[in-house]
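A.B. asks: Take a look at target-v9.txt, compact mmCIF, C-alpha atoms and all ligand atoms:
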```
# COMPACT_ATOMS: atom_id res chain seq x y z
CA MET A 268 -43.27 -30.07 75.53
CA LYS A 269 -45.40 -32.85 74.08
CA ASN A 270 -46.63 -36.27 75.09
CA VAL A 271 -44.88 -38.68 72.76
CA ALA A 272 -45.45 -42.43 72.38
CA VAL A 273 -42.83 -44.67 70.79
CA ILE A 274 -44.09 -47.96 69.37
CA GLY A 275 -41.16 -50.40 69.42
CA SER A 276 -38.36 -50.81 71.95
CA GLY A 277 -35.54 -51.69 69.57
CA SER A 278 -32.39 -49.64 69.18
CA TRP A 279 -33.91 -46.78 67.17
CA GLY A 280 -37.15 -46.44 69.14
CA THR A 281 -35.23 -46.44 72.41
CA ALA A 282 -32.61 -43.93 71.21
CA LEU A 283 -35.30 -41.51 70.02
CA ALA A 284 -37.16 -41.95 73.30
CA ILE A 285 -33.96 -41.11 75.21
CA ILE A 286 -33.14 -37.93 73.28
CA LEU A 287 -36.75 -36.67 73.39
CA THR A 288 -37.03 -37.36 77.12
CA LYS A 289 -33.74 -35.58 77.80
CA TYR A 290 -35.05 -32.55 75.96
CA ASP A 291 -38.18 -32.28 78.07
CA HIS A 292 -40.82 -34.36 76.32
CA GLN A 293 -42.95 -36.83 78.25
CA VAL A 294 -42.23 -40.13 76.49
CA LYS A 295 -43.73 -43.60 76.82
CA ILE A 296 -42.43 -46.65 74.97
CA TRP A 297 -44.64 -49.53 73.88
CA ALA A 298 -42.79 -52.85 73.82
CA ARG A 299 -44.27 -56.21 72.94
CA SER A 300 -42.38 -58.09 75.63
CA GLN A 301 -42.98 -57.71 79.35
CA ALA A 302 -39.29 -58.41 79.99
CA ALA A 303 -38.31 -55.35 77.92
CA VAL A 304 -40.86 -53.21 79.77
CA ASP A 305 -39.63 -54.39 83.18
CA GLU A 306 -36.02 -53.71 82.27
CA ILE A 307 -36.78 -50.17 81.04
CA ASN A 308 -38.97 -49.33 84.05
CA SER A 309 -36.85 -50.81 86.80
CA LYS A 310 -33.24 -50.95 85.56
CA HIS A 311 -33.44 -48.02 83.11
CA THR A 312 -31.51 -49.97 80.50
CA ASN A 313 -32.15 -51.79 77.22
CA GLU A 314 -29.09 -54.02 77.15
CA LYS A 315 -30.15 -56.09 74.14
CA TYR A 316 -30.42 -53.11 71.80
CA LEU A 317 -28.39 -50.30 73.41
CA PRO A 318 -25.76 -51.92 75.62
CA GLY A 319 -24.02 -49.57 78.03
CA VAL A 320 -26.61 -46.79 77.76
CA THR A 321 -28.56 -45.55 80.80
CA LEU A 322 -32.11 -44.42 80.09
CA PRO A 323 -33.62 -41.40 81.86
CA GLU A 324 -35.67 -42.46 84.89
CA THR A 325 -38.70 -40.52 83.65
CA LEU A 326 -38.81 -42.63 80.48
CA THR A 327 -41.34 -45.42 81.03
CA ALA A 328 -42.59 -48.40 79.04
CA THR A 329 -45.74 -50.51 78.80
CA THR A 330 -47.09 -53.47 76.85
CA ASP A 331 -50.59 -51.97 76.98
CA ARG A 332 -51.51 -50.33 73.65
CA ALA A 333 -54.23 -48.07 75.08
CA ALA A 334 -51.97 -46.90 77.91
CA ALA A 335 -49.12 -46.26 75.48
CA LEU A 336 -51.20 -43.97 73.28
CA GLU A 337 -53.17 -42.26 76.05
CA GLY A 338 -52.65 -38.51 75.72
CA ALA A 339 -50.03 -38.94 72.97
CA GLU A 340 -49.90 -36.00 70.56
CA ILE A 341 -47.07 -37.47 68.48
CA VAL A 342 -46.58 -41.22 67.98
CA ILE A 343 -43.32 -42.63 66.63
CA SER A 344 -43.63 -45.94 64.80
CA ALA A 345 -40.26 -47.67 65.28
CA VAL A 346 -40.92 -51.30 64.40
CA PRO A 347 -39.16 -52.94 61.42
CA SER A 348 -40.80 -52.64 58.00
CA ARG A 349 -42.17 -56.20 58.05
CA ALA A 350 -44.01 -55.48 61.31
CA VAL A 351 -45.47 -52.10 60.34
CA ARG A 352 -48.83 -53.22 58.88
CA GLN A 353 -49.71 -55.66 61.65
CA THR A 354 -48.55 -53.31 64.39
CA MET A 355 -50.50 -50.35 63.02
CA THR A 356 -53.59 -52.52 62.50
CA ASP A 357 -53.38 -53.63 66.13
CA PHE A 358 -52.98 -50.02 67.31
CA ALA A 359 -55.59 -48.49 64.97
CA PRO A 360 -58.50 -48.50 67.45
CA TYR A 361 -56.46 -46.53 69.99
CA PHE A 362 -55.44 -43.57 67.78
CA LYS A 363 -57.30 -40.29 68.25
CA PRO A 364 -58.19 -38.65 64.89
CA GLY A 365 -55.54 -36.16 63.84
CA THR A 366 -52.70 -37.76 65.83
CA VAL A 367 -49.37 -37.22 64.10
CA ILE A 368 -47.54 -40.49 63.40
CA VAL A 369 -43.82 -40.31 62.61
CA ASN A 370 -42.59 -43.43 60.83
CA VAL A 371 -38.88 -44.03 61.41
CA ALA A 372 -38.56 -47.47 59.80
CA LYS A 373 -36.63 -47.61 56.53
CA GLY A 374 -37.93 -50.10 54.02
CA LEU A 375 -40.71 -51.10 51.65
CA GLU A 376 -43.62 -53.49 52.06
CA ASP A 377 -43.14 -56.87 50.36
CA GLY A 378 -45.85 -57.77 47.91
CA SER A 379 -47.71 -54.44 47.80
CA LEU A 380 -44.41 -52.56 47.11
CA LEU A 381 -45.84 -49.69 49.13
CA ARG A 382 -43.73 -47.15 50.97
CA LEU A 383 -44.15 -47.47 54.73
CA SER A 384 -45.99 -44.15 55.16
CA GLN A 385 -48.53 -45.46 52.64
CA VAL A 386 -48.93 -48.67 54.64
CA ILE A 387 -49.50 -46.70 57.86
CA GLN A 388 -51.96 -44.32 56.18
CA GLU A 389 -53.97 -47.34 54.98
CA CYS A 390 -54.12 -48.76 58.51
CA VAL A 391 -54.91 -45.46 60.29
CA PRO A 392 -56.53 -43.10 57.77
CA GLN A 393 -57.65 -40.84 60.65
CA CYS A 394 -54.02 -39.84 61.41
CA GLU A 395 -51.39 -37.55 59.82
CA VAL A 396 -48.41 -39.65 58.76
CA CYS A 397 -44.92 -38.24 58.27
CA VAL A 398 -41.44 -39.71 58.00
CA LEU A 399 -38.15 -39.24 59.88
CA SER A 400 -34.99 -40.13 58.01
CA GLY A 401 -31.33 -39.18 57.71
CA PRO A 402 -27.86 -40.34 58.82
CA SER A 403 -28.64 -41.37 62.37
CA HIS A 404 -27.32 -44.48 64.07
CA ALA A 405 -29.18 -45.18 67.30
CA GLU A 406 -25.92 -45.90 69.14
CA GLU A 407 -24.80 -42.28 68.56
CA VAL A 408 -28.15 -40.52 69.07
CA ALA A 409 -28.52 -42.34 72.42
CA ARG A 410 -25.14 -40.86 73.42
CA GLU A 411 -26.14 -37.38 72.25
CA ILE A 412 -23.60 -37.23 69.44
CA PRO A 413 -24.72 -34.35 67.16
CA THR A 414 -27.01 -35.75 64.49
CA THR A 415 -29.10 -34.29 61.68
CA CYS A 416 -32.34 -35.74 60.32
CA LEU A 417 -35.19 -34.82 58.04
CA ILE A 418 -38.94 -34.80 58.66
CA ALA A 419 -40.91 -35.31 55.46
CA SER A 420 -44.60 -34.63 55.07
CA GLU A 421 -46.71 -33.42 52.16
CA ASN A 422 -48.30 -31.17 54.78
CA GLU A 423 -45.57 -28.63 55.52
CA GLU A 424 -47.29 -27.47 58.71
CA VAL A 425 -47.06 -30.98 60.14
CA ALA A 426 -43.38 -31.24 59.19
CA LYS A 427 -42.67 -27.88 60.83
CA MET A 428 -44.51 -28.84 64.02
CA VAL A 429 -42.50 -32.08 64.37
CA GLN A 430 -39.29 -30.21 63.50
CA LYS A 431 -39.97 -27.70 66.28
CA GLU A 432 -40.76 -30.39 68.83
CA PHE A 433 -37.94 -32.82 68.00
CA MET A 434 -35.14 -30.33 67.41
CA ASN A 435 -32.59 -29.74 70.18
CA PRO A 436 -28.89 -28.82 70.33
CA LYS A 437 -27.89 -32.47 69.73
CA PHE A 438 -30.54 -33.34 67.14
CA ARG A 439 -31.01 -30.93 64.25
CA ILE A 440 -34.06 -31.45 62.03
CA TYR A 441 -34.69 -30.20 58.51
CA THR A 442 -38.05 -30.46 56.74
CA SER A 443 -39.03 -31.74 53.31
CA THR A 444 -42.26 -32.17 51.39
CA ASP A 445 -40.74 -34.85 49.13
CA VAL A 446 -42.03 -37.88 51.01
CA ILE A 447 -41.43 -40.22 48.06
CA GLY A 448 -37.79 -39.16 47.62
CA VAL A 449 -37.08 -39.31 51.35
CA GLU A 450 -38.63 -42.76 51.80
CA MET A 451 -37.01 -44.22 48.70
CA GLY A 452 -33.60 -42.87 49.74
CA ALA A 453 -34.07 -44.38 53.19
CA ALA A 454 -35.10 -47.79 51.87
CA LEU A 455 -32.60 -48.15 49.04
CA LYS A 456 -29.48 -47.03 50.93
CA ASN A 457 -29.78 -50.17 53.06
CA VAL A 458 -29.30 -52.33 49.96
CA MET A 459 -26.21 -50.30 49.03
CA ALA A 460 -24.88 -50.71 52.57
CA LEU A 461 -25.15 -54.48 52.20
CA ALA A 462 -23.07 -54.13 49.03
CA ALA A 463 -20.56 -51.86 50.82
CA GLY A 464 -20.21 -54.45 53.57
CA MET A 465 -19.64 -57.18 50.98
CA ASN A 466 -16.93 -54.97 49.48
CA ASP A 467 -15.21 -54.95 52.87
CA GLY A 468 -15.83 -58.63 53.57
CA LEU A 469 -14.31 -59.56 50.22
CA GLY A 470 -11.19 -57.56 51.10
CA PHE A 471 -11.74 -54.99 48.36
CA GLY A 472 -10.63 -51.41 48.84
CA ASP A 473 -11.48 -47.75 48.83
CA ASN A 474 -11.73 -47.42 45.05
CA SER A 475 -14.38 -50.10 44.87
CA LYS A 476 -16.28 -48.64 47.87
CA ALA A 477 -16.31 -45.16 46.29
CA ALA A 478 -17.48 -46.63 42.99
CA LEU A 479 -20.24 -48.53 44.73
CA MET A 480 -21.49 -45.50 46.65
CA THR A 481 -21.37 -43.22 43.60
CA ARG A 482 -23.11 -45.64 41.27
CA GLY A 483 -25.37 -46.62 44.18
CA ILE A 484 -26.75 -43.12 44.62
CA ALA A 485 -27.28 -42.96 40.83
CA GLU A 486 -29.45 -46.08 41.10
CA MET A 487 -31.36 -44.80 44.12
CA LYS A 488 -32.05 -41.53 42.34
CA ARG A 489 -33.11 -43.22 39.09
CA LEU A 490 -35.79 -45.28 40.79
CA GLY A 491 -36.81 -42.49 43.18
CA ILE A 492 -37.35 -40.03 40.33
CA ALA A 493 -39.28 -42.58 38.27
CA MET A 494 -41.61 -42.98 41.26
CA GLY A 495 -42.15 -39.22 41.59
CA GLY A 496 -39.36 -38.19 44.00
CA LYS A 497 -37.15 -35.14 43.46
CA ALA A 498 -33.55 -35.40 42.26
CA GLU A 499 -32.29 -32.95 44.90
CA THR A 500 -33.60 -35.11 47.74
CA PHE A 501 -31.00 -37.73 46.81
CA ALA A 502 -28.24 -35.15 47.33
CA GLY A 503 -29.55 -34.53 50.85
CA LEU A 504 -29.65 -36.16 54.27
CA SER A 505 -31.96 -39.02 53.29
CA GLY A 506 -29.95 -39.71 50.11
CA ILE A 507 -26.20 -39.30 50.03
CA GLY A 508 -26.10 -38.46 53.78
CA ASP A 509 -27.65 -41.71 54.89
CA LEU A 510 -25.79 -43.63 52.19
CA ILE A 511 -22.44 -42.37 53.53
CA VAL A 512 -23.16 -43.22 57.16
CA THR A 513 -24.62 -46.63 56.43
CA CYS A 514 -21.90 -47.70 53.98
CA THR A 515 -19.05 -46.62 56.27
CA SER A 516 -20.16 -47.05 59.90
CA MET A 517 -19.44 -50.06 62.08
CA HIS A 518 -22.77 -49.35 63.75
CA SER A 519 -24.62 -50.24 60.56
CA ARG A 520 -26.51 -53.50 60.75
CA ASN A 521 -26.72 -53.63 56.96
CA ARG A 522 -23.00 -53.06 56.48
CA ARG A 523 -22.16 -55.63 59.17
CA ALA A 524 -24.41 -58.16 57.44
CA GLY A 525 -22.72 -57.40 54.12
CA ILE A 526 -19.27 -57.98 55.65
CA LEU A 527 -20.32 -61.44 56.90
CA LEU A 528 -21.86 -62.32 53.53
CA GLY A 529 -18.69 -61.13 51.77
CA GLN A 530 -16.67 -63.38 54.07
CA GLY A 531 -18.73 -66.33 52.85
CA LYS A 532 -21.34 -66.74 55.61
CA SER A 533 -24.84 -67.83 54.56
CA LEU A 534 -27.75 -65.40 54.85
CA GLU A 535 -29.14 -67.43 57.74
CA GLU A 536 -25.83 -67.38 59.64
CA THR A 537 -25.46 -63.67 58.93
CA LEU A 538 -28.88 -62.68 60.25
CA ALA A 539 -28.37 -64.82 63.36
CA GLU A 540 -25.04 -63.10 64.04
CA VAL A 541 -26.25 -59.50 63.49
CA LYS A 542 -29.31 -60.16 65.73
CA MET A 543 -31.02 -56.81 64.94
CA VAL A 544 -33.12 -56.09 61.87
CA VAL A 545 -31.24 -55.95 58.52
CA GLU A 546 -33.70 -53.99 56.40
CA GLY A 547 -31.68 -54.19 53.15
CA VAL A 548 -32.38 -57.94 53.03
CA ASN A 549 -36.13 -57.26 53.31
CA THR A 550 -36.04 -54.41 50.78
CA VAL A 551 -34.00 -55.76 47.88
CA GLN A 552 -36.72 -57.92 46.31
CA ALA A 553 -39.29 -55.13 46.48
CA ALA A 554 -36.73 -52.76 44.92
CA CYS A 555 -36.19 -55.20 42.02
CA HIS A 556 -39.95 -55.45 41.47
CA LEU A 557 -40.24 -51.65 41.48
CA ALA A 558 -37.41 -51.46 38.94
CA GLU A 559 -39.42 -53.73 36.62
CA LYS A 560 -42.61 -51.78 37.23
CA TYR A 561 -40.97 -48.40 36.48
CA HIS A 562 -38.65 -49.73 33.74
CA VAL A 563 -35.42 -48.60 35.36
CA ASP A 564 -32.10 -50.38 35.48
CA LEU A 565 -30.73 -51.16 38.98
CA PRO A 566 -27.65 -53.31 38.35
CA ILE A 567 -26.18 -53.19 41.88
CA THR A 568 -29.54 -53.87 43.52
CA GLN A 569 -30.15 -56.74 41.10
CA ALA A 570 -26.70 -58.18 41.85
CA ILE A 571 -27.39 -58.11 45.62
CA ASN A 572 -30.73 -59.82 45.01
CA ASP A 573 -28.97 -62.54 43.00
CA VAL A 574 -26.38 -63.07 45.75
CA LEU A 575 -28.94 -63.16 48.57
CA PHE A 576 -31.71 -65.16 46.96
CA HIS A 577 -30.42 -66.88 43.80
CA GLY A 578 -27.15 -68.42 44.97
CA LYS A 579 -24.83 -66.19 42.92
CA ASP A 580 -21.39 -65.91 44.49
CA THR A 581 -20.16 -62.42 45.32
CA GLN A 582 -17.03 -62.57 43.12
CA THR A 583 -19.11 -63.46 40.06
CA ALA A 584 -21.57 -60.68 40.85
CA VAL A 585 -18.72 -58.13 41.01
CA LEU A 586 -17.17 -59.42 37.75
CA GLU A 587 -20.54 -59.13 36.00
CA LEU A 588 -21.02 -55.56 37.26
CA MET A 589 -17.53 -54.57 36.12
CA THR A 590 -17.84 -56.10 32.65
CA ARG A 591 -21.25 -54.71 31.71
CA GLU A 592 -21.48 -52.83 28.45
CA GLY A 593 -19.66 -49.47 28.66
CA LYS A 594 -21.88 -46.48 29.45
CA SER A 595 -21.66 -42.70 29.71
CA GLU A 596 -21.98 -41.31 33.20
N1 LIG B 601 -31.00 -48.70 64.57
C1 LIG B 601 -30.79 -47.56 63.94
O1 LIG B 601 -29.76 -46.91 64.11
C2 LIG B 601 -31.83 -47.04 63.00
C3 LIG B 601 -32.88 -47.82 62.57
N2 LIG B 601 -33.79 -47.32 61.70
C4 LIG B 601 -34.91 -48.11 61.25
O2 LIG B 601 -35.81 -48.31 62.35
C5 LIG B 601 -36.49 -49.56 62.20
C6 LIG B 601 -36.34 -50.34 63.49
O3 LIG B 601 -34.96 -50.65 63.58
P1 LIG B 601 -34.18 -50.94 64.92
O4 LIG B 601 -34.73 -50.20 66.06
O5 LIG B 601 -32.75 -50.80 64.57
O6 LIG B 601 -34.53 -52.50 65.08
P2 LIG B 601 -34.09 -53.47 66.23
O7 LIG B 601 -33.79 -54.77 65.60
O8 LIG B 601 -33.08 -52.82 67.11
O9 LIG B 601 -35.44 -53.60 67.10
C7 LIG B 601 -36.62 -54.03 66.51
C8 LIG B 601 -37.77 -53.74 67.46
O10 LIG B 601 -39.00 -54.07 66.81
C9 LIG B 601 -39.69 -55.07 67.56
N3 LIG B 601 -40.34 -55.99 66.65
C10 LIG B 601 -39.74 -56.86 65.80
N4 LIG B 601 -40.66 -57.55 65.13
C11 LIG B 601 -41.87 -57.12 65.59
C12 LIG B 601 -43.20 -57.48 65.30
N5 LIG B 601 -43.50 -58.42 64.39
N6 LIG B 601 -44.20 -56.83 65.95
C13 LIG B 601 -43.92 -55.88 66.87
N7 LIG B 601 -42.66 -55.52 67.20
C14 LIG B 601 -41.66 -56.12 66.55
C15 LIG B 601 -38.61 -55.75 68.38
O11 LIG B 601 -39.21 -56.34 69.51
P3 LIG B 601 -38.52 -57.57 70.29
O12 LIG B 601 -37.32 -57.00 70.98
O13 LIG B 601 -39.58 -58.01 71.21
O14 LIG B 601 -38.15 -58.60 69.25
C16 LIG B 601 -37.73 -54.55 68.72
O15 LIG B 601 -38.30 -53.81 69.76
C17 LIG B 601 -35.87 -50.25 60.98
O16 LIG B 601 -36.69 -50.06 59.86
C18 LIG B 601 -34.55 -49.51 60.77
O17 LIG B 601 -34.16 -49.47 59.41
C19 LIG B 601 -33.70 -46.05 61.22
C20 LIG B 601 -32.68 -45.23 61.61
C21 LIG B 601 -31.68 -45.65 62.54
O1 LIG B 602 -30.55 -46.01 58.98
C1 LIG B 602 -29.59 -46.10 59.70
C2 LIG B 602 -28.66 -44.98 59.94
O2 LIG B 602 -29.13 -43.80 59.37
C3 LIG B 602 -29.30 -47.41 60.35
O3 LIG B 602 -28.75 -48.25 59.41
P1 LIG B 602 -28.58 -49.79 59.77
O4 LIG B 602 -29.97 -50.36 59.87
O5 LIG B 602 -27.78 -50.38 58.66
O6 LIG B 602 -27.87 -49.85 61.08
```
Once more with this new file: its structure as C-alpha cells, please.
Ligand SMILES: NC(=O)C1=CN([C@@H]2O[C@H](COP(=O)(O)OP(=O)(O)OC[C@H]3O[C@@H](n4cnc5c(N)ncnc54)[C@H](OP(=O)(O)O)[C@@H]3O)[C@@H](O)[C@H]2O)C=CC1
Ligand SMILES: O=C(CO)COP(=O)(O)O
C.D. replies:
Amino acid sequence: MKNVAVIGSGSWGTALAIILTKYDHQVKIWARSQAAVDEINSKHTNEKYLPGVTLPETLTATTDRAAALEGAEIVISAVPSRAVRQTMTDFAPYFKPGTVIVNVAKGLEDGSLLRLSQVIQECVPQCEVCVLSGPSHAEEVAREIPTTCLIASENEEVAKMVQKEFMNPKFRIYTSTDVIGVEMGAALKNVMALAAGMNDGLGFGDNSKAALMTRGIAEMKRLGIAMGGKAETFAGLSGIGDLIVTCTSMHSRNRRAGILLGQGKSLEETLAEVKMVVEGVNTVQAACHLAEKYHVDLPITQAINDVLFHGKDTQTAVLELMTREGKSE
C-alpha cells in the first residue's frame, strides 16, 4: 500500500484515483477548484467528468498543493498536456527528492516539441518521471472494466515498482523501457482518432476506417522510430492497442470531436460540445513540426492539420490522400 497523490480531477485522474483507492492505496486528489474538492469530499461524486460514478468515501481531495503531496510516494500527473509545465512548476517546491511521478497525459508540448515526461523532468529534476499509457478510457476504468496499461521508464526498477503497486485484478500493467515509443504512440493516436471520427461524421465506412488505422499506425511508427522509439512498441498497448480503442470507442473525446468536425461543425463549436480535453487538436501542429524536423512523411497528420487550422474541407483532404502518388506498402 502506498500514499498516492493525483494532480488533476478530470476524468482520467479521478478514474485512476478510484481504482487505486479500491485496491487499498491511500489516495488524495489535487483539484484547482474548491467546488470540485467539495463535491468529491462531501458527495463522493465528480458529475462533470464521471457522471453516474460513486467515488470511495476514503478518497479525498484538496486544493492545497503542500497537503496534496504530503507523504506521497507516487504522484500521478493527470492534467492536460497544455497545463503540464505550469502545473509542475507550481508544484515543484513541494516534491521530495526521489518522488516517482507518473505522467498520464497524452500529448506533446507546443513550441518546444518536447514529450511530456521531458517537460516534467525539466520542471522537477529531483524526481523520477515515468509514463502510464495504453487503451484505457476513464469511463471504463472507473467502473472496473478489465483494462491493460503500460508503465514506461528508462529505469526498469521504477517501472517495476509502479507496476507492482498499480496492478490489480481489474487493471493489468506491463512495463517498458521505451519511453520515446510509448509517449509518441500515446500522443499521435489522438490525431488518428480525430481522423477516425471524421470518417464516421462524413458517413464513410469500415473500409475507410481500417485503411486509416492501418496507415495511421504506419505514420505513428515512422515518426516514433525517427525520434529513437522502437518499432515493436507501436505493435503494443501504447501503439495499436490505444489506436484501436480511441478510433472505435464512443468514450473517446478525440473520436467524438472528429465526428462533429466531419459533420461540418467548426473547431470552436466542436470543442464547446465535447467539453473535455481533445488532445489530438493540441498535438497535431507539434506532430507536423516534428515530421519536418525528422524528415518523415505524415500525410494523414498533415491532412488533419490542414482541416483544423488551414480551412481545408474534409472531402478535399480525403480526395488528396486517396490520389497521392502510388506507393509500395
Ligand atoms: N479521459 C481518459 O479516458 C484518458 C485521458 N488521458 C489523458 O489524460 C489527460 C487528462 O485528460 P482527462 O482527465 O480526460 O481531461 P478532462 O478534460 O476530463 O479533465 C481535465 C482536468 O485538468 C484540469 N485542468 C485543465 N486545465 C488546467 C490548467 N491549466 N491547470 C490545472 N488544471 C487544469 C481540469 O480542471 P477543471 O475541471 O478545474 O477545469 C480537469 O480537472 C489528457 O492528456 C488525456 O489525453 C489518458 C488516458 C485516458
Ligand atoms: O487515451 C485514451 C484512451 O486510451 C482517451 O482517449 P480520448 O482522450 O480520445 O478520450
A.B. asks: Would you compute the distance between atom C12 of ligand LIG 601 (chain B) and atom CA of Tyr361 of chain A? Give it in Å to one decimal.
C.D. replies: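 Distance between the two atoms: 17.8 Å.
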A.B. asks: Using only C-alpha atoms, which of the listed residues (A:Glu450, A:Glu535, A:Glu340, A:Glu424) sits closest to Val398 of chain A?
C.D. replies: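 Closest candidate: A:Glu450.
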A.B. asks: Edge lengths and centre, in Å to one decimal, as AutoDock Vina command-line options: that's what I need for the box along x, y and z that holds all listed atoms of ligand LIG 602 (chain B) plus 3 Å on each side.
C.D. replies:
```
--center_x -29.2 --center_y -47.1 --center_z 59.9 --size_x 8.8 --size_y 12.6 --size_z 8.4
```
A.B. asks: Can you work out which residues are within 6 Å of ligand LIG 601 (chain B), considering all atoms listed in the file, and then hand them over as a list in words?
C.D. replies: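 Within the 6 Å cut-off, the matching residues are Gly275, Ser276, Gly277, Ser278, Trp279, Gly280, Arg299, Ser300, Tyr316, Ala345, Val346, Pro347, Ser348, Ala350, Thr354, Val371, Ala372, Lys373, Gly374, Ser403, His404, Ala405, Met543, Val544 and Glu546 of chain A.
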A.B. asks: Can you pull out the residues contacting Ala485 of chain A? Cut-off 10 Å, using all atoms listed in the file, and skip same-chain residues under 3 positions away; I want them as a VMD selection string.
C.D. replies: chain A and resid 479 to 482 488 to 491 498 501 507 565 596
A.B. asks: Could you write out that same residue set with C-alpha atoms as a CSV table (one decimal), in the frame of the given file?
C.D. replies:
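As written to disk, result-v1.csv reads:
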```csv
chain,number,residue,atom,x,y,z
A,479,LEU,CA,-20.2,-48.5,44.7
A,480,MET,CA,-21.5,-45.5,46.6
A,481,THR,CA,-21.4,-43.2,43.6
A,482,ARG,CA,-23.1,-45.6,41.3
A,488,LYS,CA,-32.0,-41.5,42.3
A,489,ARG,CA,-33.1,-43.2,39.1
A,490,LEU,CA,-35.8,-45.3,40.8
A,491,GLY,CA,-36.8,-42.5,43.2
A,498,ALA,CA,-33.6,-35.4,42.3
A,501,PHE,CA,-31.0,-37.7,46.8
A,507,ILE,CA,-26.2,-39.3,50.0
A,565,LEU,CA,-30.7,-51.2,39.0
A,596,GLU,CA,-22.0,-41.3,33.2
```
A.B. asks: Grab the atom CA of Val271 of chain A to atom CA of Asp291 of chain A distance for me, in Å with one decimal place.
C.D. replies: 10.7 Å
A.B. asks: Nearest to Ala409 of chain A: which of A:Ser309, A:Thr281, A:Gln530, A:Ser505 is it, counting only C-alpha atoms?
C.D. replies: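 Distance minimum relative to Ala409 of chain A lands on A:Thr281.
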